[in-house]
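Q: If you scroll down you'll find the structure; I have some questions about it.
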Amino acid sequence: MLFHNKCISLHAELKKICVERTEFTLLNKIQTPEDLRKLKVEELPQVCDELRRDIIEEVAVNPGHLASSLGVAEITVALHYVYNTPEDRIVWDVGHQAYGHKILTGRKDQFCTNRKLGGIKPFPSPEESPYDTFACGHASNSVSAALGMAVAAELEGKHDRHVVAVIGDGALSGGLAFEGLNNVSSSPNNLLIILNDNNMSIDRSVGGMKQYLLNLSTNETYNCIKFKTARWFHRHGLLNDDRKKGLIRLTNAMKSAISHQQNIFDGMNIQYFGPFDGHNVKELVRILSQLKDMTGPKLLHLHTKKGHGYAPAEKDVTTWHAPGKFNPDTGERLVDNDPTKPQKYQNVFGHTLLELAKQNPKIVGVTPAMPSGCSMNIMMKEMPERTFDVGIAEGHAVTFSGGMAKDGLLPFCNIYSAFAQRAFDNIIHDVALLNLNVVFCFDRSGLVGEDGATHHGAFDLAALRPIPNLTISSPLDEHELRRLMYTAQLPNKGPFVIRYPRGGGELQDWRCPLEEIKVGTGRKLHDGDDIAVLSIGPIGNNVTRAIAELGDSASVAHYDMRFLKPIDENILEEVGKKFKKIITVENGVIRGGLGSAVLEWMNDHGYTPKVIRLGLPDNFVEHGTVKELQHIVGIDEEGIKKAILEA
């Protein structure tokens with residue numbers, strides 16, 4: 001609640017510093033989709049152009065996700081033009097494609113606050129707008145959520161409500177999407193699924209579904225006949241469920257015989273239409289209007305180009321997924337290439353993984369659609385046969401790694417911490433249970449900043465700590481990251497978790513000798529007599545700076561625990577005997593993490609110190625810079641100093 005109130009008070013201040021916006025002829029007239037629907041169809045291409053330019057100009061100075069939203073401008077406009085939103089439901093998958101949606105649904109004047117502390121959220125959220133029907137910070141959930149809404153509408157007697165799921169950007173490779181499709185095919189519903197097929201997630205899409213969609217083609221004449229036939233049957237009330245299924249089976253058989261290709265969606269009794277050009281907004285309006293009242297589940301396959309309409313983004317879609325600041329007119333990216341700044345943790349991981357792989361032929365790399373984001377592309381470039389991008393499929397990434405480990409390989413499975421939540425069962429059942437040698441590198445752990453609540457790696461320490469056989473560690477700096485990676489690949493270490501944050505580290509010279517760290521050992525960084533601070537991971541650097549700033553005003557001992565599991569019991573015994581006051585600091589939720597582990601050990605061993613736990617509170621932390629968020633939750637230098645002085 002404290003965080004929420006602070007955000008509300010900041011919102012008005014943010015609007016004062018927004019840059020002057022271009023005066024658009026049509027877009028400035030649109031405050032809600034109702035205004036959009038007053039326009040003529042012939043005016044919609046101009047709306048798309050203006051919407052695209054507005055996104056470019058804003059993201060150029062207020063960095064965020066660019067290419068995905070540019071790619072769906074026409075789809076966004078057509079959907080809000082044809083459907084009576086928000087009464088009709090549009091469920092977005094992978095919310096980084098929804099900037100245009102936000103602008104058209106009452107947030108045009110607030111879009112300059114996107115991703116800023118107190119500003120509008122980085123991804124759609126029902127808490128922010130009734131037009132945002134579901135949370136979609138991650139991927140592959142749109143079909144399941146939309147089906148739930150479609151069934152709810154029928155059960156509640158809202159038979160005129162239309163529900164549309166928009167899935168794309170590689171999300172169809174996620175297992176949940178297939179679970180949803182399977183249920184769609186067997187449940188009575190009128191759901192429309194729009195497949196935004198741009199052959200991309202963040203990096204290039206991979207896997208069999210990608211190749212299937214590339215090969216999938218439907219004759220234009222066939223599509224026209226199918227449309228007209230279905231509409232005729234619908235108008236004359238001749239399509240009950242049995243006849244509809246029979247007609248689908250008949251058309252499937254005819255099409256398969258002619259094209260020598262089976263359509264997987266038709267095979268699931270989901271009527272397939274397409275593929276069509278996803279950048280022809282007038283044609284999209286026509287098609288959506290025809291499909292709008294057609295009964296039964298339907299899938300509309302649209303070809304789009306990520307970054308469409310902005311030449312730099314079209315040429316390098318991976319870089320322009322989230323390009324940072326840039327000149328909107330020239331496309332020049334304003335990249336900070338300061339050589340004195342520390343390397344990002346992800347780059348240290350990538351270079352170290354390649355270094356280890358050259359020494360250990362059993363090492364392989366696995367990533368779920370994030371080779372660039374986690375820097376596994378460094379190893380992928382030199383050893384493509386030993387690196388595997390499995391697509392947006394975190395559960396599969398874990399079990400696939402387990403299978404390789406079972407037969408003697410040593411996978412380094414790198415997943416963003418927040419996305420690893422989808423693989424929780426796989427970690428338990430397919431790796432930990434068998435005590436397999438898999439190294440889990442959880443990038444983006446802790447507060448990640450502007451991507452907000454859906455992307456903070458808040459829960460990994462607390463969620464994984466109860467699982468048997470896991471080693472759970474977090475490095476203080478880049479040298480410790482390298483040494484933990486080296487330690488994890490030594491024989492018979494079992495499942496080994498290394499978690500580290502987003503962004504830059506602490507050291508300019510990150511290279512160091514690769515040496516083993518004894519599992520379950522921490523270290524004392526600073527001696528003191530009055531109070532002990534126990535930290536885990538890079539957040540310990542805030543503790544070091546806080547103690548330095550306090551100077552002689554407090555005598556503080558600081559311990560870098562390194563391992564949450566097994567925890568260093570020698571340190572805990574030393575601290576329990578000597579100190580009556582203990583502060584624990586972690587960049588994760590305080591319920592179940594390091595602080596809880598310390599409390600449990602002290603209680604179990606008869607020590608009764610006062611333990612103050614600093615970490616993320618029991619609510620979802622919103623978006624802002626990492627520095628701002630650390631200050632709000634009290635784990636920056638100021639918050640740590642305050643806790644020490646008030647202990």
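Following the order of the structure tokens, chains are lettered A, B, ..., residues in each are numbered from 1, and ligands are numbered from 1.
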Near Arg333 of chain A, within 12 Å and counting only C-alpha atoms, which residues show up once chain neighbours fewer than 4 positions away are dropped, as a list of chain:residue names?
A: A:Val59, A:Ala60, A:Val61, A:Pro63, A:Pro312, A:Ala313, A:Thr319, A:Trp320, A:Ala322, A:Pro323, A:Gly324, A:Lys325, A:Phe326, A:Asn327, A:Pro328, A:Asp329, A:Asn337
Q: Suppose we keep N, CA and C atoms; can you now write the selection as a CSV table (one decimal), in the first residue's frame?
A:
chain,number,residue,atom,x,y,z
A,59,VAL,N,9.2,6.3,-27.3
A,59,VAL,CA,10.1,5.3,-26.9
A,59,VAL,C,11.6,5.8,-27.2
A,60,ALA,N,11.7,6.7,-28.1
A,60,ALA,CA,13.1,7.2,-28.4
A,60,ALA,C,13.7,7.9,-27.2
A,61,VAL,N,12.8,8.6,-26.4
A,61,VAL,CA,13.3,9.4,-25.2
A,61,VAL,C,13.0,8.7,-23.9
A,63,PRO,N,12.8,4.9,-22.9
A,63,PRO,CA,13.1,3.6,-23.5
A,63,PRO,C,12.1,2.5,-23.0
A,312,PRO,N,15.0,1.1,-39.4
A,312,PRO,CA,16.0,0.5,-38.5
A,312,PRO,C,15.6,-0.7,-37.8
A,313,ALA,N,14.3,-0.7,-37.3
A,313,ALA,CA,13.8,-1.8,-36.5
A,313,ALA,C,13.5,-3.0,-37.4
A,319,THR,N,17.8,-6.2,-31.9
A,319,THR,CA,18.3,-5.0,-31.2
A,319,THR,C,17.2,-4.0,-30.9
A,320,TRP,N,16.2,-3.9,-31.9
A,320,TRP,CA,15.2,-2.9,-31.7
A,320,TRP,C,14.0,-3.4,-30.9
A,322,ALA,N,14.0,-3.8,-27.7
A,322,ALA,CA,14.0,-2.8,-26.7
A,322,ALA,C,15.4,-2.0,-26.8
A,323,PRO,N,15.4,-1.0,-27.7
A,323,PRO,CA,16.7,-0.4,-28.2
A,323,PRO,C,17.3,0.6,-27.2
A,324,GLY,N,16.6,1.0,-26.2
A,324,GLY,CA,17.1,2.1,-25.4
A,324,GLY,C,16.8,3.4,-26.1
A,325,LYS,N,17.5,4.5,-25.7
A,325,LYS,CA,17.2,5.8,-26.3
A,325,LYS,C,17.8,5.9,-27.7
A,326,PHE,N,17.2,6.6,-28.6
A,326,PHE,CA,17.6,6.7,-30.0
A,326,PHE,C,17.1,8.0,-30.6
A,327,ASN,N,17.7,8.4,-31.7
A,327,ASN,CA,17.2,9.5,-32.5
A,327,ASN,C,16.1,9.0,-33.4
A,328,PRO,N,14.8,9.4,-33.2
A,328,PRO,CA,13.7,8.8,-34.0
A,328,PRO,C,13.8,9.1,-35.5
A,329,ASP,N,14.5,10.2,-35.9
A,329,ASP,CA,14.6,10.6,-37.3
A,329,ASP,C,15.7,9.8,-38.0
A,337,ASN,N,28.7,3.8,-24.3
A,337,ASN,CA,29.8,2.8,-24.5
A,337,ASN,C,31.0,3.2,-23.6
Q: Just want the 8 Å neighbourhood of Thr608 of chain A, counted on only C-alpha atoms, with same-chain residues fewer than 6 positions away dropped. Output as a list of chain:residue names.
A: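 Neighbouring residues, sequence-local ones excluded: A:Gly576, A:Lys580, A:Met602.
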Q: Give me, as a PyMOL selection string, all polymer residues having an atom no more than 10 Å from Gly148 of chain A, counting only C-alpha atoms and skipping those fewer than 4 positions away in the same chain.
A: chain A and resi 142-144+152-153+163+180+184+189+191
Q: Please identify all polymer residues within 9 Å of Val151 of chain A, counting only C-alpha atoms, omitting same-chain residues fewer than 3 positions from it, and present them as a tab-separated table (two decimals) with N, CA and C atoms, in the first residue's frame.
A:
chain	number	residue	atom	x	y	z
A	146	ALA	N	-8.44	-16.21	-22.38
A	146	ALA	CA	-9.55	-15.80	-23.24
A	146	ALA	C	-10.64	-16.86	-23.27
A	147	LEU	N	-10.26	-18.13	-23.29
A	147	LEU	CA	-11.26	-19.20	-23.25
A	147	LEU	C	-12.06	-19.12	-21.97
A	148	GLY	N	-11.37	-18.86	-20.86
A	148	GLY	CA	-12.09	-18.70	-19.59
A	148	GLY	C	-13.10	-17.57	-19.65
A	154	GLU	N	-20.75	-16.94	-21.62
A	154	GLU	CA	-21.89	-17.81	-21.93
A	154	GLU	C	-22.65	-18.19	-20.68
A	155	LEU	N	-21.93	-18.56	-19.63
A	155	LEU	CA	-22.59	-18.99	-18.39
A	155	LEU	C	-23.34	-17.85	-17.72
A	156	GLU	N	-22.86	-16.63	-17.92
A	156	GLU	CA	-23.52	-15.47	-17.31
A	156	GLU	C	-24.56	-14.84	-18.23
A	187	SER	N	-14.26	-27.52	-25.96
A	187	SER	CA	-15.25	-26.79	-25.17
A	187	SER	C	-16.12	-25.93	-26.07
A	188	PRO	N	-17.43	-25.87	-25.84
A	188	PRO	CA	-18.29	-24.99	-26.64
A	188	PRO	C	-17.89	-23.53	-26.41
A	189	ASN	N	-17.52	-22.83	-27.48
A	189	ASN	CA	-17.11	-21.43	-27.35
A	189	ASN	C	-17.09	-20.78	-28.72
A	190	ASN	N	-17.08	-19.46	-28.72
A	190	ASN	CA	-17.01	-18.69	-29.97
A	190	ASN	C	-15.72	-17.87	-30.02
Q: So which one's closest to Ala67 of chain A, A:Gly331, A:Gly274, A:Gly309, A:Gly106? Using only C-alpha atoms, please.
A: A:Gly309
Q: How many Å lie between atom CA of Lys524 of chain A and atom CA of Glu637 of chain A, rounded to one decimal?
A: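 Result for atom CA of Lys524 of chain A versus atom CA of Glu637 of chain A: 18.9 Å, one decimal.
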Q: Distance atom CA of Trp510 of chain A-atom CA of Asp527 of chain A, one decimal place?
A: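 So the two atoms, atom CA of Trp510 of chain A and atom CA of Asp527 of chain A, lie 25.7 Å apart.
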Q: Write out, as CSV, each residue of segment 522-641 of chain A that has an atom at most 8 Å from segment 111-132 of chain A, together with the closest pair of atoms and their distance in Å to one decimal, counting only C-alpha atoms, rows going by chain and rising number.
A:
residue,atom,partner,partner_atom,distance
A:Glu622,CA,A:Leu117,CA,7.8
A:His623,CA,A:Leu117,CA,5.7
A:Gly624,CA,A:Leu117,CA,4.0
A:Thr625,CA,A:Leu117,CA,7.1
A:Glu628,CA,A:Leu117,CA,7.6
Q: Excluding Ser69 of chain A and residues on its chain fewer than 4 positions from it, collect all residues at most 9 Å away from it, counting only C-alpha atoms, and give them as a PyMOL selection string.
A: chain A and resi 52+55+65+73+96-101+306-307
Q: Which of these, A:Arg53, A:Lys627, A:Arg161, A:Arg107, has the shortest distance to Tyr310 of chain A once you count only C-alpha atoms?
A: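 Nearest candidate to Tyr310 of chain A out of A:Arg53, A:Lys627, A:Arg161, A:Arg107: A:Arg53.
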Q: Could you list, as a list in words, every residue within 10 Å of Leu514 of chain A, counting only C-alpha atoms and ignoring same-chain residues fewer than 3 positions away?
A: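 The residues that qualify are Thr352, Glu355, Leu356, His479, Glu480, Leu481, Arg482, Arg483, Leu484, Met485, Tyr486, Thr487, Arg511 and Ile517 of chain A.
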Q: Include N, CA and C atoms and write out the residues we just selected as a PDB file, in the first residue's frame.
A:
ATOM      1  N   THR A 352      32.262 -16.330 -19.577  1.00  0.00           N
ATOM      2  CA  THR A 352      32.758 -17.384 -18.692  1.00  0.00           C
ATOM      3  C   THR A 352      32.248 -18.752 -19.131  1.00  0.00           C
ATOM      4  N   GLU A 355      34.381 -19.916 -21.908  1.00  0.00           N
ATOM      5  CA  GLU A 355      35.687 -20.286 -21.365  1.00  0.00           C
ATOM      6  C   GLU A 355      35.635 -21.667 -20.721  1.00  0.00           C
ATOM      7  N   LEU A 356      34.588 -21.923 -19.942  1.00  0.00           N
ATOM      8  CA  LEU A 356      34.441 -23.228 -19.292  1.00  0.00           C
ATOM      9  C   LEU A 356      34.159 -24.324 -20.309  1.00  0.00           C
ATOM     10  N   HIS A 479      33.631 -11.525 -10.024  1.00  0.00           N
ATOM     11  CA  HIS A 479      34.624 -12.556  -9.707  1.00  0.00           C
ATOM     12  C   HIS A 479      33.957 -13.759  -9.047  1.00  0.00           C
ATOM     13  N   GLU A 480      33.047 -13.472  -8.122  1.00  0.00           N
ATOM     14  CA  GLU A 480      32.333 -14.562  -7.455  1.00  0.00           C
ATOM     15  C   GLU A 480      31.431 -15.317  -8.429  1.00  0.00           C
ATOM     16  N   LEU A 481      30.843 -14.616  -9.387  1.00  0.00           N
ATOM     17  CA  LEU A 481      30.027 -15.294 -10.394  1.00  0.00           C
ATOM     18  C   LEU A 481      30.868 -16.289 -11.174  1.00  0.00           C
ATOM     19  N   ARG A 482      32.035 -15.869 -11.623  1.00  0.00           N
ATOM     20  CA  ARG A 482      32.917 -16.765 -12.372  1.00  0.00           C
ATOM     21  C   ARG A 482      33.331 -17.974 -11.531  1.00  0.00           C
ATOM     22  N   ARG A 483      33.651 -17.727 -10.274  1.00  0.00           N
ATOM     23  CA  ARG A 483      34.095 -18.827  -9.410  1.00  0.00           C
ATOM     24  C   ARG A 483      32.954 -19.783  -9.086  1.00  0.00           C
ATOM     25  N   LEU A 484      31.747 -19.260  -8.937  1.00  0.00           N
ATOM     26  CA  LEU A 484      30.600 -20.135  -8.690  1.00  0.00           C
ATOM     27  C   LEU A 484      30.290 -20.974  -9.935  1.00  0.00           C
ATOM     28  N   MET A 485      30.409 -20.371 -11.115  1.00  0.00           N
ATOM     29  CA  MET A 485      30.196 -21.138 -12.342  1.00  0.00           C
ATOM     30  C   MET A 485      31.237 -22.245 -12.468  1.00  0.00           C
ATOM     31  N   TYR A 486      32.469 -21.939 -12.129  1.00  0.00           N
ATOM     32  CA  TYR A 486      33.525 -22.956 -12.164  1.00  0.00           C
ATOM     33  C   TYR A 486      33.230 -24.064 -11.153  1.00  0.00           C
ATOM     34  N   THR A 487      32.823 -23.678  -9.967  1.00  0.00           N
ATOM     35  CA  THR A 487      32.509 -24.655  -8.920  1.00  0.00           C
ATOM     36  C   THR A 487      31.361 -25.558  -9.337  1.00  0.00           C
ATOM     37  N   ARG A 511      37.635 -10.135 -15.095  1.00  0.00           N
ATOM     38  CA  ARG A 511      38.311 -11.424 -15.284  1.00  0.00           C
ATOM     39  C   ARG A 511      39.137 -11.766 -14.047  1.00  0.00           C
ATOM     40  N   ILE A 517      34.984 -22.534  -5.059  1.00  0.00           N
ATOM     41  CA  ILE A 517      34.472 -22.050  -3.778  1.00  0.00           C
ATOM     42  C   ILE A 517      33.835 -23.248  -3.073  1.00  0.00           C
TER      43      ILE A 517
END
Q: Run DSSP on the backbone and tell me which residues of segment 378-482 of chain A come out as strand (DSSP E or B); list them as a PyMOL selection string.
A: chain A and resi 387-389+410-416+439-443+446+457+471-473
Q: Of the candidates A:Phe459, A:Val390, A:Glu549, A:Gly528, which shows the shortest atom-to-atom distance to Asp618 of chain A, using only C-alpha atoms?
A: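 Answer, going by the shortest atom-to-atom distance: A:Phe459.
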Q: Between atom CA of Gly457 of chain A and atom CA of Asn377 of chain A, what distance in Å does the model show, to one decimal?
A: 22.0 Å
Q: Mind checking which residues fall within 10 Å of Asn28 of chain A, counting only C-alpha atoms, ignoring those fewer than 6 positions away in the same chain, and posting them as a VMD selection string?
A: chain A and resid 21 to 22 47 50 to 51 104 108 to 109
Q: Pick from A:Glu646, A:Glu478, A:Asp443, A:Asp197: nearest to Val497 of chain A, with only C-alpha atoms counted?
A: A:Asp443
